[in-house]
$ cat query29.cif   # mmCIF, C-alpha atoms
data_my_file
loop_
_atom_site.label_atom_id
_atom_site.label_comp_id
_atom_site.auth_asym_id
_atom_site.auth_seq_id
_atom_site.Cartn_x
_atom_site.Cartn_y
_atom_site.Cartn_z
CA MET A 297 17.61 -24.45 -8.47
CA LYS A 298 19.25 -27.86 -8.44
CA ALA A 299 16.90 -30.86 -8.25
CA PHE A 300 16.83 -32.56 -4.86
CA ALA A 301 15.19 -35.41 -2.99
CA TYR A 302 12.72 -34.54 -0.23
CA VAL A 303 12.24 -36.53 2.98
CA ASN A 304 9.44 -35.89 5.48
CA PRO A 305 10.17 -37.79 8.73
CA THR A 306 7.81 -37.67 11.68
CA THR A 307 10.18 -38.64 14.51
CA GLU A 308 13.54 -37.37 15.77
CA GLN A 309 15.19 -40.72 15.06
CA ALA A 310 13.87 -40.85 11.49
CA ALA A 311 15.06 -37.29 10.93
CA VAL A 312 18.63 -37.94 12.05
CA GLU A 313 18.74 -41.17 10.04
CA ALA A 314 17.71 -39.20 6.96
CA LEU A 315 20.51 -36.69 7.61
CA ARG A 316 23.23 -39.36 7.47
CA ASN A 317 22.40 -41.09 4.20
CA GLY A 318 25.19 -39.55 2.13
CA GLY A 319 25.51 -36.61 -0.22
CA ILE A 320 24.79 -33.02 0.72
CA VAL A 321 21.82 -33.06 3.11
CA ARG A 322 20.17 -30.07 4.75
CA PRO A 323 17.38 -29.88 7.37
CA LEU A 324 14.38 -27.67 6.59
CA ALA A 325 12.30 -25.94 9.27
CA GLY A 326 10.74 -22.54 8.47
CA GLY A 327 12.84 -22.49 5.31
CA GLN A 328 13.47 -18.77 5.18
CA ASP A 329 17.25 -19.13 5.23
CA LEU A 330 17.78 -22.44 3.42
CA LEU A 331 15.41 -21.71 0.53
CA ALA A 332 16.95 -18.28 0.01
CA ARG A 333 20.43 -19.82 -0.12
CA MET A 334 19.25 -22.43 -2.60
CA LYS A 335 17.68 -19.83 -4.87
CA ASP A 336 20.94 -17.88 -4.84
CA TYR A 337 23.00 -21.05 -5.52
CA ILE A 338 24.84 -20.72 -2.23
CA ASP A 339 23.56 -24.12 -1.11
CA GLN A 340 22.75 -26.97 -3.51
CA PRO A 341 21.74 -30.00 -1.43
CA ASP A 342 21.09 -33.48 -2.79
CA ARG A 343 18.43 -34.08 -0.16
CA ILE A 344 16.26 -31.88 2.05
CA VAL A 345 14.94 -33.32 5.30
CA ASN A 346 11.79 -31.56 6.50
CA VAL A 347 12.14 -31.61 10.29
CA LYS A 348 9.01 -29.58 11.11
CA ASN A 349 6.94 -32.70 11.76
CA ALA A 350 9.74 -34.44 13.66
CA LEU A 351 10.65 -31.78 16.22
CA ASP A 352 8.83 -30.43 19.27
CA THR A 353 6.59 -27.41 18.72
CA THR A 354 5.78 -26.80 22.40
CA ILE A 355 7.11 -24.78 25.34
CA SER A 356 6.81 -26.54 28.70
CA SER A 357 8.11 -26.53 32.25
CA THR A 358 10.18 -29.43 33.58
CA PRO A 359 9.96 -30.93 37.09
CA ASP A 360 13.29 -29.23 37.86
CA GLY A 361 11.84 -25.79 37.12
CA ASP A 362 13.53 -25.38 33.73
CA LEU A 363 11.72 -24.11 30.65
CA ARG A 364 11.98 -26.46 27.65
CA ILE A 365 11.51 -24.85 24.24
CA GLY A 366 11.12 -27.06 21.17
CA ALA A 367 13.35 -26.15 18.24
CA ALA A 368 10.30 -26.10 15.94
CA VAL A 369 8.48 -23.52 18.08
CA LYS A 370 7.53 -20.55 15.91
CA ILE A 371 9.11 -17.28 16.98
CA ILE A 372 5.69 -15.68 17.33
CA ASP A 373 4.68 -18.41 19.80
CA LEU A 374 7.80 -17.64 21.83
CA VAL A 375 6.89 -13.94 21.79
CA GLU A 376 3.38 -14.66 23.06
CA HIS A 377 4.31 -17.25 25.70
CA ALA A 378 3.37 -15.74 29.06
CA GLN A 379 5.79 -17.76 31.21
CA THR A 380 8.74 -16.87 28.99
CA SER A 381 7.81 -13.20 29.17
CA THR A 382 7.58 -13.32 32.97
CA LEU A 383 10.72 -15.34 33.73
CA TYR A 384 12.97 -14.52 30.75
CA PRO A 385 11.91 -11.08 29.50
CA ALA A 386 15.10 -10.53 27.49
CA VAL A 387 14.25 -13.61 25.40
CA THR A 388 10.81 -12.19 24.66
CA MET A 389 12.27 -8.78 23.77
CA ALA A 390 14.77 -10.35 21.37
CA ALA A 391 12.11 -12.56 19.77
CA ARG A 392 9.73 -9.63 19.35
CA ASP A 393 12.37 -7.74 17.36
CA VAL A 394 13.07 -10.56 14.89
CA GLY A 395 12.25 -9.53 11.32
CA SER A 396 8.63 -8.76 10.52
CA PRO A 397 5.30 -10.31 11.61
CA GLN A 398 5.44 -12.60 8.57
CA ILE A 399 8.94 -13.79 9.47
CA ARG A 400 8.01 -14.34 13.12
CA HIS A 401 4.99 -16.43 12.10
CA GLN A 402 7.11 -18.63 9.81
CA GLY A 403 10.55 -18.75 11.43
CA THR A 404 11.44 -21.20 14.18
CA VAL A 405 13.64 -21.02 17.27
CA GLY A 406 16.04 -23.62 15.88
CA GLY A 407 16.19 -21.90 12.52
CA ASN A 408 17.02 -18.56 14.11
CA LEU A 409 19.87 -20.14 16.07
CA ASN A 410 21.29 -22.11 13.14
CA GLN A 411 20.91 -19.65 10.26
CA ARG A 412 24.01 -18.94 8.19
CA PRO A 413 25.80 -15.56 8.14
CA ARG A 414 24.17 -12.61 6.40
CA CYS A 415 27.48 -11.29 5.03
CA TRP A 416 26.80 -10.00 1.53
CA TYR A 417 29.93 -11.68 0.15
CA PHE A 418 28.83 -15.06 1.51
CA ARG A 419 25.33 -14.48 0.11
CA GLN A 420 26.49 -13.75 -3.45
CA GLU A 421 27.28 -16.67 -5.73
CA GLU A 422 30.18 -14.86 -7.42
CA PHE A 423 32.34 -14.57 -4.27
CA LEU A 424 34.14 -17.77 -3.26
CA CYS A 425 34.98 -16.80 0.31
CA PHE A 426 36.37 -18.85 3.17
CA LYS A 427 32.83 -19.77 4.21
CA LYS A 428 32.25 -21.42 0.82
CA GLY A 429 35.58 -23.22 0.55
CA GLY A 430 37.61 -20.36 -0.92
CA ASN A 431 40.83 -18.83 0.37
CA ARG A 432 39.81 -15.25 1.08
CA CYS A 433 37.53 -13.09 3.22
CA PHE A 434 36.43 -10.34 0.87
CA ALA A 435 35.27 -8.18 3.78
CA VAL A 436 38.86 -7.56 4.90
CA ASP A 437 39.49 -5.10 2.06
CA GLY A 438 35.87 -4.62 1.00
CA GLU A 439 32.58 -3.34 2.33
CA ASN A 440 32.87 -4.29 6.00
CA GLN A 441 30.45 -1.80 7.56
CA TYR A 442 28.39 -4.56 9.20
CA HIS A 443 31.16 -6.97 10.12
CA SER A 444 32.78 -7.87 13.44
CA ILE A 445 34.62 -5.65 15.90
CA PHE A 446 35.36 -8.49 18.35
CA GLY A 447 36.77 -11.97 17.71
CA ASN A 448 37.80 -11.02 14.19
CA SER A 449 41.42 -12.18 14.20
CA GLY A 450 40.44 -15.41 12.39
CA PRO A 451 39.91 -15.96 8.68
CA SER A 452 36.27 -14.78 8.54
CA LYS A 453 34.96 -11.42 9.77
CA ILE A 454 31.26 -12.31 9.91
CA VAL A 455 28.88 -11.46 12.73
CA HIS A 456 26.56 -14.10 14.08
CA PRO A 457 23.06 -13.43 12.73
CA SER A 458 20.91 -14.91 15.51
CA SER A 459 18.93 -12.58 17.76
CA LEU A 460 17.83 -15.35 20.14
CA ALA A 461 21.33 -16.74 20.68
CA VAL A 462 22.41 -13.70 22.71
CA PRO A 463 19.80 -13.89 25.50
CA PHE A 464 20.03 -17.70 25.50
CA VAL A 465 23.75 -17.42 26.24
CA ALA A 466 23.06 -14.78 28.88
CA TYR A 467 20.47 -16.98 30.62
CA GLN A 468 22.92 -19.92 30.49
CA ALA A 469 20.65 -22.07 28.35
CA ARG A 470 21.49 -25.62 27.34
CA PHE A 471 20.88 -26.98 23.85
CA ARG A 472 19.69 -30.59 23.47
CA VAL A 473 21.12 -32.21 20.35
CA VAL A 474 20.32 -35.66 18.93
CA SER A 475 22.06 -37.93 16.42
CA ALA A 476 21.71 -41.55 15.36
CA SER A 477 24.12 -42.50 18.15
CA GLY A 478 22.29 -40.72 20.96
CA GLU A 479 21.79 -37.29 22.47
CA ARG A 480 23.82 -34.67 24.33
CA GLU A 481 23.32 -31.29 25.98
CA ILE A 482 25.61 -28.41 25.08
CA PRO A 483 25.83 -25.15 27.03
CA ALA A 484 24.71 -22.32 24.76
CA SER A 485 28.03 -20.58 25.41
CA GLN A 486 29.87 -23.57 23.88
CA TYR A 487 27.54 -24.21 20.93
CA PHE A 488 28.76 -21.42 18.63
CA THR A 489 32.28 -21.47 17.19
CA LEU A 490 34.78 -18.76 16.33
CA PRO A 491 36.13 -19.20 12.79
CA THR A 492 39.52 -20.87 12.43
CA MET A 493 41.00 -22.37 9.29
CA GLU A 494 39.63 -25.74 10.45
CA THR A 495 36.12 -24.53 11.36
CA VAL A 496 35.61 -21.58 9.04
CA GLN A 497 32.79 -23.24 7.06
CA GLN A 498 30.61 -23.74 10.15
CA GLU A 499 29.18 -21.56 12.89
CA ASN A 500 28.41 -24.17 15.54
CA VAL A 501 29.49 -27.56 16.86
CA LEU A 502 26.72 -29.59 15.20
CA ALA A 503 27.91 -32.65 13.29
CA ALA A 504 26.34 -33.31 9.90
CA ASP A 505 23.95 -35.92 11.34
CA GLU A 506 22.95 -33.95 14.45
CA LEU A 507 19.81 -31.93 15.07
CA LEU A 508 19.12 -29.24 17.63
CA THR A 509 15.84 -30.32 19.26
CA HIS A 510 15.36 -28.15 22.36
CA VAL A 511 16.55 -25.08 24.19
CA ILE A 512 16.48 -25.58 27.95
CA LEU A 513 16.42 -22.44 30.09
CA PRO A 514 17.30 -22.93 33.77
CA ALA A 515 15.20 -21.27 36.45
CA PRO A 516 16.46 -17.67 36.35
CA GLY A 517 16.25 -16.71 40.01
CA ASN A 518 15.83 -13.07 40.97
CA LEU A 519 17.44 -11.29 38.04
CA LYS A 520 17.11 -7.79 36.64
CA SER A 521 17.20 -7.93 32.84
CA GLY A 522 17.66 -5.55 29.95
CA HIS A 523 17.87 -6.00 26.19
CA TYR A 524 18.61 -3.16 23.79
CA GLU A 525 19.10 -3.21 20.01
CA VAL A 526 20.43 -0.49 17.69
CA ARG A 527 19.14 -0.51 14.08
CA PHE A 528 19.04 1.81 11.10
CA LYS A 529 15.26 1.35 11.06
CA GLU A 530 12.87 -0.41 13.40
CA SER A 531 11.06 -2.70 10.97
CA ARG A 532 12.49 -5.69 9.09
CA ASP A 533 16.09 -4.70 9.66
CA TRP A 534 19.08 -6.51 11.14
CA PRO A 535 20.49 -4.96 14.32
CA MET A 536 23.88 -3.30 13.96
CA ALA A 537 24.68 -4.01 17.60
CA PHE A 538 22.72 -5.17 20.64
CA ALA A 539 23.17 -6.34 24.20
CA THR A 540 21.46 -8.51 26.78
CA VAL A 541 22.28 -7.67 30.39
CA LEU A 542 21.33 -9.76 33.44
CA LEU A 543 22.04 -8.43 36.92
CA THR A 544 21.82 -9.87 40.42
CA THR A 545 21.66 -7.22 43.12
CA THR A 546 22.05 -7.13 46.87
CA GLY A 547 20.24 -4.01 47.92
CA THR A 548 21.42 -1.41 45.42
CA THR A 549 24.76 -3.13 44.79
CA ILE A 550 25.38 -5.40 41.80
CA SER A 551 26.64 -8.75 43.06
CA ALA A 552 26.75 -10.60 39.71
CA ALA A 553 26.40 -9.64 36.05
CA ARG A 554 26.20 -11.23 32.64
CA VAL A 555 26.62 -9.02 29.56
CA VAL A 556 26.35 -10.62 26.11
CA LEU A 557 26.69 -8.69 22.86
CA GLY A 558 25.16 -9.44 19.48
CA ALA A 559 25.90 -8.44 15.86
CA VAL A 560 29.48 -7.51 16.74
CA ALA A 561 31.35 -10.86 16.64
CA PRO A 562 31.22 -14.27 14.92
CA ILE A 563 29.59 -15.65 18.08
CA PRO A 564 27.39 -14.16 20.82
CA TRP A 565 30.10 -12.18 22.59
CA ARG A 566 30.25 -12.25 26.38
CA SER A 567 31.85 -9.07 27.69
CA ASP A 568 33.81 -9.91 30.83
CA THR A 569 35.20 -6.37 30.88
CA ALA A 570 31.69 -4.92 31.18
CA GLU A 571 30.80 -7.50 33.83
CA ARG A 572 33.83 -6.60 35.93
CA ALA A 573 32.90 -2.93 35.65
CA LEU A 574 29.46 -3.73 37.11
CA VAL A 575 30.12 -6.15 39.97
CA GLY A 576 30.44 -4.43 43.32
CA LYS A 577 29.06 -1.13 42.03
CA SER A 578 25.80 0.63 42.74
CA LEU A 579 23.16 0.27 40.04
CA THR A 580 23.19 3.84 38.75
CA ALA A 581 23.32 5.69 35.45
CA GLN A 582 27.01 6.44 36.07
CA THR A 583 27.74 2.73 36.49
CA ALA A 584 25.93 2.01 33.21
CA VAL A 585 28.10 4.55 31.38
CA ALA A 586 31.28 3.06 32.84
CA ALA A 587 30.23 -0.47 31.88
CA GLY A 588 29.47 0.66 28.33
CA GLU A 589 32.95 2.12 28.08
CA ALA A 590 34.47 -1.07 29.47
CA ALA A 591 32.50 -3.25 27.04
CA VAL A 592 34.25 -1.77 24.00
CA ARG A 593 37.73 -1.48 25.51
CA ASP A 594 39.02 -4.45 23.50
CA ALA A 595 37.12 -3.73 20.27
CA ARG A 596 39.14 -4.03 17.05
CA PRO A 597 37.04 -2.41 14.31
CA LEU A 598 37.76 -2.89 10.63
CA GLU A 599 38.26 -0.01 8.20
CA LYS A 600 34.59 0.92 7.79
CA ASN A 601 32.82 -0.23 10.94
CA GLY A 602 34.37 1.95 13.63
CA TYR A 603 30.92 3.44 14.30
CA LYS A 604 29.98 0.08 15.86
CA VAL A 605 32.18 0.85 18.85
CA GLN A 606 29.97 3.78 19.86
CA ILE A 607 26.64 2.07 19.25
CA THR A 608 27.78 -1.06 21.12
CA LYS A 609 28.68 1.17 24.05
CA THR A 610 25.22 2.72 23.83
CA ALA A 611 23.49 -0.67 23.62
CA VAL A 612 25.23 -1.90 26.78
CA GLU A 613 24.53 1.31 28.67
CA ARG A 614 20.84 1.36 27.77
CA ALA A 615 20.35 -2.36 28.48
CA ILE A 616 21.75 -1.73 31.97
CA LEU A 617 19.50 1.29 32.46
CA GLN A 618 16.55 -0.80 31.33
CA ALA A 619 17.47 -3.51 33.84
CA ALA A 620 17.69 -0.83 36.54
CA GLY A 621 14.35 0.67 35.61
CA ILE A 622 15.97 4.02 34.81
CA GLN A 623 14.26 5.91 32.00
CA THR A 624 16.34 7.03 29.00
CA ALA A 625 15.67 10.06 26.86
#
$ encode --input "query29.cif" --output "structure tokens"
Amino acid sequence: MKAFAYVNPTTEQAAVEALRNGGIVRPLAGGQDLLARMKDYIDQPDRIVNVKNALDTTISSTPDGDLRIGAAVKIIDLVEHAQTSTLYPAVTMAARDVGSPQIRHQGTVGGNLNQRPRCWYFRQEEFLCFKKGGNRCFAVDGENQYHSIFGNSGPSKIVHPSSLAVPFVAYQARFRVVSASGEREIPASQYFTLPTMETVQQENVLAADELLTHVILPAPGNLKSGHYEVRFKESRDWPMAFATVLLTTTGTTISAARVVLGAVAPIPWRSDTAERALVGKSLTAQTAVAAGEAAVRDARPLEKNGYKVQITKTAVERAILQAAGIQTA
């Protein structure tokens, strides 16, 4: 591992100042992603800025009825937070499925949102892909079983690795970001970026001297929610496809819907086709099947990940059934 300087700020302002002092600088929270990349020579920073003591570790309500989650909140604390579970159950379900108990006790909300792709070509030192400044995505002609089936017309075929990003987008969260020049709030739906030749080495809109400090969840209203993940195995595995579904109903009719997919695109993927298939329909098992079919209508699988079309369809269908309170076999 390359030698590096270590900075331990205790305030937001000191943290962002430390991020802008030249060279290759990386923030450190739980460390599970950054330290692994450093050990594998994927990242070799000149300076590490420990932000754990500078960022908020609490979850609190605001006077406006929003829920404010500090970026340094441990995932296990999010899982066990009663108000989150009551008002935003899909967030709790997603957090509960992250990794293993050890990972949930160490990993943070901000770290989960900002982790780098888990593509095996990106994670191996020998492959100089687009994400590392190269001129090729090795997944195009290689082992692309776990890569994207939506939004993959750009130079990189990665899927976004965050579990929490999907329900945060569905609940229309806002992300508070600070830099030395001030702060801003970014809708979760605008925080993550599709890869282009200009943006291929990043996954979000953060500038080099910016820090994500809070996730702000608006009051949800009377929503029915479902969250369903498909994995090879239940424990310590990445989902192959998953969906968060939020429904507003008038009687038994769906009046509004938000369907966001995970592990199938370079960003949390909002499925407007599935939403259109739901609005105005009765909340039934037949409607769930139709929405699952609609969700994958525009899928463009690669050579080896066509199976993702079927499991994405299943994830959407079962998330809707969960929201409806309809038991599945």
$ closest_residue --input "query29.cif" --among "A:Glu481, A:Gln498, A:Arg316, A:Glu599" --to "Asp437 in chain A" --atoms "all atoms listed in the file"
A:Glu599
$ residues_near_point --input "query29.cif" --point "(33.6, -5.9, 13.5)" --cutoff "8 Å" --atoms "all atoms listed in the file" --output "JSON, numbers by chain"
{"A": [440, 441, 442, 443, 444, 445, 446, 448, 453, 454, 455, 560, 561, 595, 596, 597, 598, 601, 602, 604]}
$ atom_distance --input "query29.cif" --atom1 "CA of Met536 in chain A" --atom2 "CA of Val436 in chain A"
18.0 Å
$ resolve_selection --input "query29.cif" --expression "the PyMOL selection byres ((chain A and resi 305) around 7)" --output "JSON, numbers by chain"
{"A": [303, 304, 306, 307, 310, 311, 346, 347, 349, 350]}
$ residues_around --input "query29.cif" --residues "range 422-430 of chain A" --least-positions-apart "4" --cutoff "6 Å" --atoms "all atoms listed in the file" --output "PDB file with C-alpha atoms, keeping the file's coordinate frame"
ATOM      1  CA  TYR A 417      29.930 -11.680   0.150  1.00  0.00           C
ATOM      2  CA  VAL A 496      35.610 -21.580   9.040  1.00  0.00           C
ATOM      3  CA  GLN A 497      32.790 -23.240   7.060  1.00  0.00           C
TER       4      GLN A 497
END
